[in-house]
Structures are given as C-alpha cells and as structure tokens.
Amino acid sequence: EPEVTQTPSHQVTQMGQEVILRCVPISNHLYFYWYRQILGQKVEFLVSFYNNEISEKSEIFDDQFSVERPDGSNFTLKIRSTKLEDSAMYFCASSKTGTGANVLTFGAGSRLTVL
Amino acid sequence: KNQVEQSPQSLIILEGKNCTLQCNYTVSPFSNLRWYKQDTGRGPVSLTIMTFSENTKSNGRYTATLDADTKQSSLHITASQLSDSASYICVVSVITGGGNKLTFGTGTQLKVEL
C-alpha cells in the first residue's frame, strides 16, 4: 500500500538553528499538508499546499515557517530559527483531492526536539 | 471557535468486549467528520469519513455514527482486540477557501487488556 515517508524520524537541534523536515508524498497525490502534535496535545493544522503554492495556513505557521516542493517528489517544511516551543511531532500528509471526503494519508512523523 | 470534544479521555476494556467513544463538535461550515486511529509514535490512520447526509458508516469492527443536528458522533468498536489499543481521534473537516481543513479532537486513549 502506498505510504507517505518522512525523514528524519527524530531530530535534535539547538534553539535558533534552522531545521528542514522532509516528506515524500504518495506519487499521484496533488495536495500536501503539514500538521504538528506537541506531546500530550492534539494534532494541529499548519499548512496546506497545492499547485506549488500555499492554499491555507494556520496562525501557528508564521514567518519562521516555510514549505517548498523542490522537485517532483519531495515536500519540505523549514523552520528558520527554532524555538523551544517548536518541539513537537511533525506529520506530513497528502491527498488526491482537496475537498469533500478526501482521504489524507499521514506519514509516521518527524519528532523535533529543540534544546 | 471551531472545537471538537471527545469522551472519555481514556478507557480500559477487556479483550473481546465492545466499547463506544463519543465526539461533540462545534464546527462551521461543516464538510465531513472522520475518525482516525493513532498508534503511539505513529501518524493517524483513517477509519471512516462521513458527510452531512450519512448517519452511519462501518469499516470492519468499527462503526461510526453521525447526528448532524445535534453535532454528535460516536465510534463503536466490537469484539475488541489487543491491537485496538491506540488513541482514537475524532476529526471534523471545515470548508475553507483553500479546501478542507481538519480540526482534531484530543482523542480517547483506548487500552485493551487480556
């Protein structure tokens, strides 16, 4: 069964450093998403991406965050200058369609620890 | 503010027993309601998706119900197995200008014991 793959599975970084989390969505999917889950809390929407541009973003997704689809397969989330509160599990997801009962397939997540 | 509330927060049942998890939501404009299963340290996996007009949907031993009038949903698990131990998350999809946006509940942590 096709899956969304994320790397790294765990990254530890110092506060203020830049971090790039990588995702390979399912090949025939057109819509891509990043969500995050702080330990013990609920999953929160960050951003959705379609046709090489951001289609929706949350208030969490401030100027420190950016997304990019650098080639035909990868989808990345960059955090420019990490803060302690950025420590969380970051999930990438993809879907074929963007509306209706679109099934989002999630990756296993990248755990980010900011020290 | 869009919110999704779930109960109970946690639940322990014996293998083979049934259980029902509850979800209440205040989300607008509503697109659809989903139930996800999330194993510890893994991404959420979709179990069911129900639109406004659907009252019930099954996926194997999982049966979800939706009452769009009262804005309530339930997930019923029959003949539970040890592998059902996970967090079960109610997720409501909101229609936005950029497509669907998912609002997650805090989940019900289910533990199935021998």
# chains A, B, ... in the order shown; residues from 1 in each chain; ligands from 1
>>> residues_around(residues="Glu68 in chain A", least_positions_apart="2", cutoff="8 Å", atoms="only C-alpha atoms", output="PyMOL selection string")
chain A and resi 52+66+70+75-77
>>> closest_atom_pairs(of="chain A", to="chain B", cutoff="8 Å", atoms="only C-alpha atoms", output="CSV")
residue,atom,partner,partner_atom,distance
A:Gln41,CA,B:Thr106,CA,6.5
A:Lys42,CA,B:Thr106,CA,4.7
A:Val43,CA,B:Phe104,CA,5.9
A:Glu44,CA,B:Phe104,CA,6.8
A:Phe45,CA,B:Leu102,CA,6.8
A:Ser48,CA,B:Gly98,CA,7.8
A:Ser55,CA,B:Gly98,CA,4.7
A:Glu56,CA,B:Gly98,CA,5.2
A:Phe91,CA,B:Gly43,CA,6.7
A:Gly98,CA,B:Gly99,CA,5.3
A:Thr99,CA,B:Gly99,CA,5.1
A:Gly100,CA,B:Ser31,CA,6.6
A:Ala101,CA,B:Ile49,CA,6.4
A:Val103,CA,B:Ser46,CA,7.3
A:Leu104,CA,B:Ser46,CA,7.6
A:Thr105,CA,B:Val45,CA,7.0
A:Phe106,CA,B:Gly43,CA,5.5
A:Gly107,CA,B:Gly43,CA,5.5
A:Ala108,CA,B:Gly43,CA,4.5
A:Gly109,CA,B:Gly43,CA,6.0
>>> closest_residue(among="A:Gln6, A:Ile79, A:Val47, A:Leu112", to="Tyr31 in chain A", atoms="only C-alpha atoms")
A:Val47
>>> closest_residue(among="B:Gln109, B:Ser58, B:Gln6, B:Asn24", to="Gln72 in chain B", atoms="only C-alpha atoms")
B:Asn24
>>> atom_distance(atom1="CA of Phe30 in chain B", atom2="CA of Ile38 in chain A")
25.5 Å
>>> atom_distance(atom1="CA of Gln37 in chain A", atom2="CA of Arg61 in chain B")
27.4 Å
>>> residues_around(residues="range 15-27 of chain A", least_positions_apart="3", cutoff="8 Å", atoms="only C-alpha atoms", output="mmCIF file with N, CA, C and O atoms, in the first residue's frame")
data_model
loop_
_atom_site.group_PDB
_atom_site.id
_atom_site.type_symbol
_atom_site.label_atom_id
_atom_site.label_comp_id
_atom_site.auth_asym_id
_atom_site.auth_seq_id
_atom_site.Cartn_x
_atom_site.Cartn_y
_atom_site.Cartn_z
ATOM 1 N N PRO A 2 0.553 2.244 -0.821
ATOM 2 C CA PRO A 2 1.393 3.453 -0.892
ATOM 3 C C PRO A 2 1.434 4.152 0.454
ATOM 4 O O PRO A 2 0.438 4.162 1.190
ATOM 5 N N GLU A 3 2.576 4.754 0.764
ATOM 6 C CA GLU A 3 2.664 5.463 2.026
ATOM 7 C C GLU A 3 3.439 6.762 1.869
ATOM 8 O O GLU A 3 4.176 6.966 0.901
ATOM 9 N N VAL A 4 3.229 7.627 2.842
ATOM 10 C CA VAL A 4 3.946 8.883 2.924
ATOM 11 C C VAL A 4 5.168 8.636 3.799
ATOM 12 O O VAL A 4 5.032 8.094 4.904
ATOM 13 N N THR A 5 6.337 8.990 3.307
ATOM 14 C CA THR A 5 7.554 8.763 4.080
ATOM 15 C C THR A 5 8.133 10.084 4.540
ATOM 16 O O THR A 5 8.117 11.077 3.789
ATOM 17 N N GLN A 6 8.614 10.104 5.779
ATOM 18 C CA GLN A 6 9.162 11.314 6.363
ATOM 19 C C GLN A 6 10.559 11.052 6.902
ATOM 20 O O GLN A 6 10.836 9.998 7.462
ATOM 21 N N THR A 7 11.419 12.044 6.717
ATOM 22 C CA THR A 7 12.768 11.993 7.287
ATOM 23 C C THR A 7 13.146 13.367 7.833
ATOM 24 O O THR A 7 12.704 14.394 7.281
ATOM 25 N N PRO A 8 13.930 13.442 8.906
ATOM 26 C CA PRO A 8 14.352 12.300 9.726
ATOM 27 C C PRO A 8 13.226 11.848 10.638
ATOM 28 O O PRO A 8 12.225 12.547 10.784
ATOM 29 N N PHE A 32 -0.873 18.590 -0.398
ATOM 30 C CA PHE A 32 0.097 18.237 0.628
ATOM 31 C C PHE A 32 -0.129 19.105 1.854
ATOM 32 O O PHE A 32 -0.544 20.258 1.745
ATOM 33 N N SER A 73 9.063 15.103 -6.208
ATOM 34 C CA SER A 73 8.715 14.080 -5.224
ATOM 35 C C SER A 73 8.766 14.568 -3.780
ATOM 36 O O SER A 73 8.020 14.074 -2.947
ATOM 37 N N ASN A 74 9.607 15.539 -3.468
ATOM 38 C CA ASN A 74 9.766 15.942 -2.073
ATOM 39 C C ASN A 74 8.893 17.134 -1.709
ATOM 40 O O ASN A 74 8.582 17.981 -2.548
ATOM 41 N N PHE A 75 8.525 17.183 -0.430
ATOM 42 C CA PHE A 75 7.775 18.309 0.119
ATOM 43 C C PHE A 75 8.418 18.612 1.458
ATOM 44 O O PHE A 75 8.504 17.736 2.313
ATOM 45 N N THR A 76 8.919 19.838 1.634
ATOM 46 C CA THR A 76 9.702 20.116 2.831
ATOM 47 C C THR A 76 9.059 21.193 3.697
ATOM 48 O O THR A 76 8.364 22.086 3.196
ATOM 49 N N LEU A 77 9.332 21.099 4.992
ATOM 50 C CA LEU A 77 8.952 22.125 5.959
ATOM 51 C C LEU A 77 10.233 22.660 6.570
ATOM 52 O O LEU A 77 11.037 21.884 7.094
ATOM 53 N N LYS A 78 10.440 23.963 6.466
ATOM 54 C CA LYS A 78 11.622 24.583 7.038
ATOM 55 C C LYS A 78 11.203 25.471 8.201
ATOM 56 O O LYS A 78 10.244 26.248 8.102
ATOM 57 N N ILE A 79 11.929 25.316 9.296
ATOM 58 C CA ILE A 79 11.773 26.232 10.419
ATOM 59 C C ILE A 79 13.063 27.023 10.491
ATOM 60 O O ILE A 79 14.143 26.457 10.696
ATOM 61 N N ARG A 80 12.946 28.327 10.307
ATOM 62 C CA ARG A 80 14.146 29.166 10.097
ATOM 63 C C ARG A 80 14.996 29.286 11.352
ATOM 64 O O ARG A 80 16.201 29.136 11.307
ATOM 65 N N SER A 81 14.398 29.565 12.463
ATOM 66 C CA SER A 81 15.118 29.765 13.717
ATOM 67 C C SER A 81 14.297 29.119 14.823
ATOM 68 O O SER A 81 13.333 29.716 15.326
ATOM 69 N N THR A 82 14.666 27.907 15.179
ATOM 70 C CA THR A 82 13.811 27.120 16.059
ATOM 71 C C THR A 82 13.734 27.699 17.469
ATOM 72 O O THR A 82 14.714 28.271 17.993
ATOM 73 N N LYS A 83 12.551 27.511 18.073
ATOM 74 C CA LYS A 83 12.319 27.916 19.458
ATOM 75 C C LYS A 83 11.999 26.651 20.262
ATOM 76 O O LYS A 83 11.641 25.609 19.698
ATOM 77 N N LEU A 84 12.121 26.784 21.571
ATOM 78 C CA LEU A 84 11.831 25.628 22.426
ATOM 79 C C LEU A 84 10.428 25.079 22.167
ATOM 80 O O LEU A 84 10.216 23.863 22.134
ATOM 81 N N CYS A 92 3.517 14.951 8.019
ATOM 82 C CA CYS A 92 3.207 15.304 6.646
ATOM 83 C C CYS A 92 2.039 14.437 6.188
ATOM 84 O O CYS A 92 1.907 13.275 6.613
ATOM 85 N N ALA A 93 1.182 14.968 5.338
ATOM 86 C CA ALA A 93 0.073 14.193 4.792
ATOM 87 C C ALA A 93 -0.136 14.591 3.344
ATOM 88 O O ALA A 93 0.267 15.683 2.920
ATOM 89 N N SER A 94 -0.762 13.694 2.593
ATOM 90 C CA SER A 94 -1.092 14.024 1.212
ATOM 91 C C SER A 94 -2.452 13.440 0.864
ATOM 92 O O SER A 94 -2.938 12.503 1.521
ATOM 93 N N SER A 95 -3.085 14.020 -0.156
ATOM 94 C CA SER A 95 -4.378 13.518 -0.616
ATOM 95 C C SER A 95 -4.505 13.752 -2.114
ATOM 96 O O SER A 95 -3.846 14.628 -2.683
ATOM 97 N N GLY A 107 2.110 10.501 7.163
ATOM 98 C CA GLY A 107 3.370 9.823 7.407
ATOM 99 C C GLY A 107 3.510 9.466 8.877
ATOM 100 O O GLY A 107 2.651 9.807 9.697
ATOM 101 N N SER A 110 7.945 13.186 12.072
ATOM 102 C CA SER A 110 9.324 13.547 12.421
ATOM 103 C C SER A 110 9.277 14.207 13.781
ATOM 104 O O SER A 110 8.602 15.231 13.945
ATOM 105 N N VAL A 114 13.905 20.583 20.409
ATOM 106 C CA VAL A 114 14.710 21.806 20.422
ATOM 107 C C VAL A 114 15.240 22.019 21.835
ATOM 108 O O VAL A 114 14.464 22.069 22.801
ATOM 109 N N LEU A 115 16.556 22.106 21.944
ATOM 110 C CA LEU A 115 17.185 22.255 23.267
ATOM 111 C C LEU A 115 17.636 23.688 23.509
ATOM 112 O O LEU A 115 17.908 24.427 22.546
#
>>> residues_around(residues="range 11-18 of chain B", least_positions_apart="6", cutoff="10 Å", atoms="only C-alpha atoms", output="ChimeraX atom specification")
/B:61,76-85,87,108-114
>>> write_last_selection(atoms="N, CA, C and O atoms", output="short mmCIF file (atom, residue, chain, number, x, y, z; two decimals), in the first residue's frame")
data_model
loop_
_atom_site.label_atom_id
_atom_site.label_comp_id
_atom_site.auth_asym_id
_atom_site.auth_seq_id
_atom_site.Cartn_x
_atom_site.Cartn_y
_atom_site.Cartn_z
N ARG B 61 -14.71 -3.93 12.15
CA ARG B 61 -15.29 -3.92 13.51
C ARG B 61 -15.57 -2.50 14.01
O ARG B 61 -16.01 -2.32 15.14
N HIS B 76 -18.09 2.99 17.50
CA HIS B 76 -18.34 1.75 18.23
C HIS B 76 -17.36 0.70 17.75
O HIS B 76 -17.22 0.49 16.53
N ILE B 77 -16.67 0.09 18.69
CA ILE B 77 -15.72 -0.97 18.36
C ILE B 77 -16.26 -2.27 18.92
O ILE B 77 -16.55 -2.36 20.13
N THR B 78 -16.43 -3.25 18.06
CA THR B 78 -16.96 -4.53 18.52
C THR B 78 -15.84 -5.57 18.64
O THR B 78 -14.84 -5.50 17.92
N ALA B 79 -16.04 -6.50 19.55
CA ALA B 79 -15.11 -7.63 19.72
C ALA B 79 -13.67 -7.13 19.74
O ALA B 79 -12.84 -7.51 18.91
N SER B 80 -13.36 -6.29 20.71
CA SER B 80 -12.06 -5.62 20.74
C SER B 80 -10.90 -6.62 20.77
O SER B 80 -11.00 -7.73 21.30
N GLN B 81 -9.79 -6.17 20.20
CA GLN B 81 -8.56 -6.96 20.16
C GLN B 81 -7.44 -6.14 20.80
O GLN B 81 -7.52 -4.92 20.88
N LEU B 82 -6.40 -6.83 21.22
CA LEU B 82 -5.26 -6.13 21.84
C LEU B 82 -4.70 -5.05 20.93
O LEU B 82 -4.27 -3.98 21.37
N SER B 83 -4.73 -5.33 19.62
CA SER B 83 -4.19 -4.37 18.64
C SER B 83 -5.05 -3.13 18.49
O SER B 83 -4.65 -2.17 17.81
N ASP B 84 -6.23 -3.13 19.09
CA ASP B 84 -7.07 -1.93 19.06
C ASP B 84 -6.56 -0.87 20.04
O ASP B 84 -7.03 0.28 20.01
N SER B 85 -5.63 -1.23 20.90
CA SER B 85 -5.08 -0.26 21.85
C SER B 85 -4.40 0.87 21.08
O SER B 85 -3.43 0.65 20.35
N SER B 87 -4.92 5.58 20.32
CA SER B 87 -5.74 6.78 20.51
C SER B 87 -6.70 6.88 19.34
O SER B 87 -6.30 6.70 18.18
N THR B 108 -9.43 9.79 22.39
CA THR B 108 -9.71 8.87 23.50
C THR B 108 -8.64 7.79 23.47
O THR B 108 -8.47 7.12 22.45
N GLN B 109 -7.93 7.66 24.57
CA GLN B 109 -6.87 6.65 24.66
C GLN B 109 -7.50 5.34 25.10
O GLN B 109 -7.98 5.22 26.22
N LEU B 110 -7.51 4.36 24.20
CA LEU B 110 -8.12 3.07 24.50
C LEU B 110 -7.04 2.04 24.78
O LEU B 110 -6.07 1.92 24.03
N LYS B 111 -7.23 1.31 25.86
CA LYS B 111 -6.33 0.20 26.16
C LYS B 111 -7.16 -1.07 26.28
O LYS B 111 -8.13 -1.10 27.04
N VAL B 112 -6.79 -2.08 25.52
CA VAL B 112 -7.47 -3.37 25.56
C VAL B 112 -6.56 -4.36 26.28
O VAL B 112 -5.40 -4.53 25.90
N GLU B 113 -7.09 -4.97 27.33
CA GLU B 113 -6.29 -5.88 28.14
C GLU B 113 -6.84 -7.31 28.09
O GLU B 113 -8.02 -7.52 27.79
N LEU B 114 -5.98 -8.23 28.42
CA LEU B 114 -6.38 -9.65 28.47
C LEU B 114 -7.28 -9.90 29.68
O LEU B 114 -7.13 -9.27 30.72
#
>>> atom_distance(atom1="CA of Ile60 in chain A", atom2="CA of Thr113 in chain A")
17.4 Å
>>> select_by_dssp(residues="chain B", states="strand (DSSP E or B)", output="ChimeraX atom specification")
/B:3-7,10-14,19-26,30-38,45-51,56-59,62-67,72-77,86-96,99-104,108-113
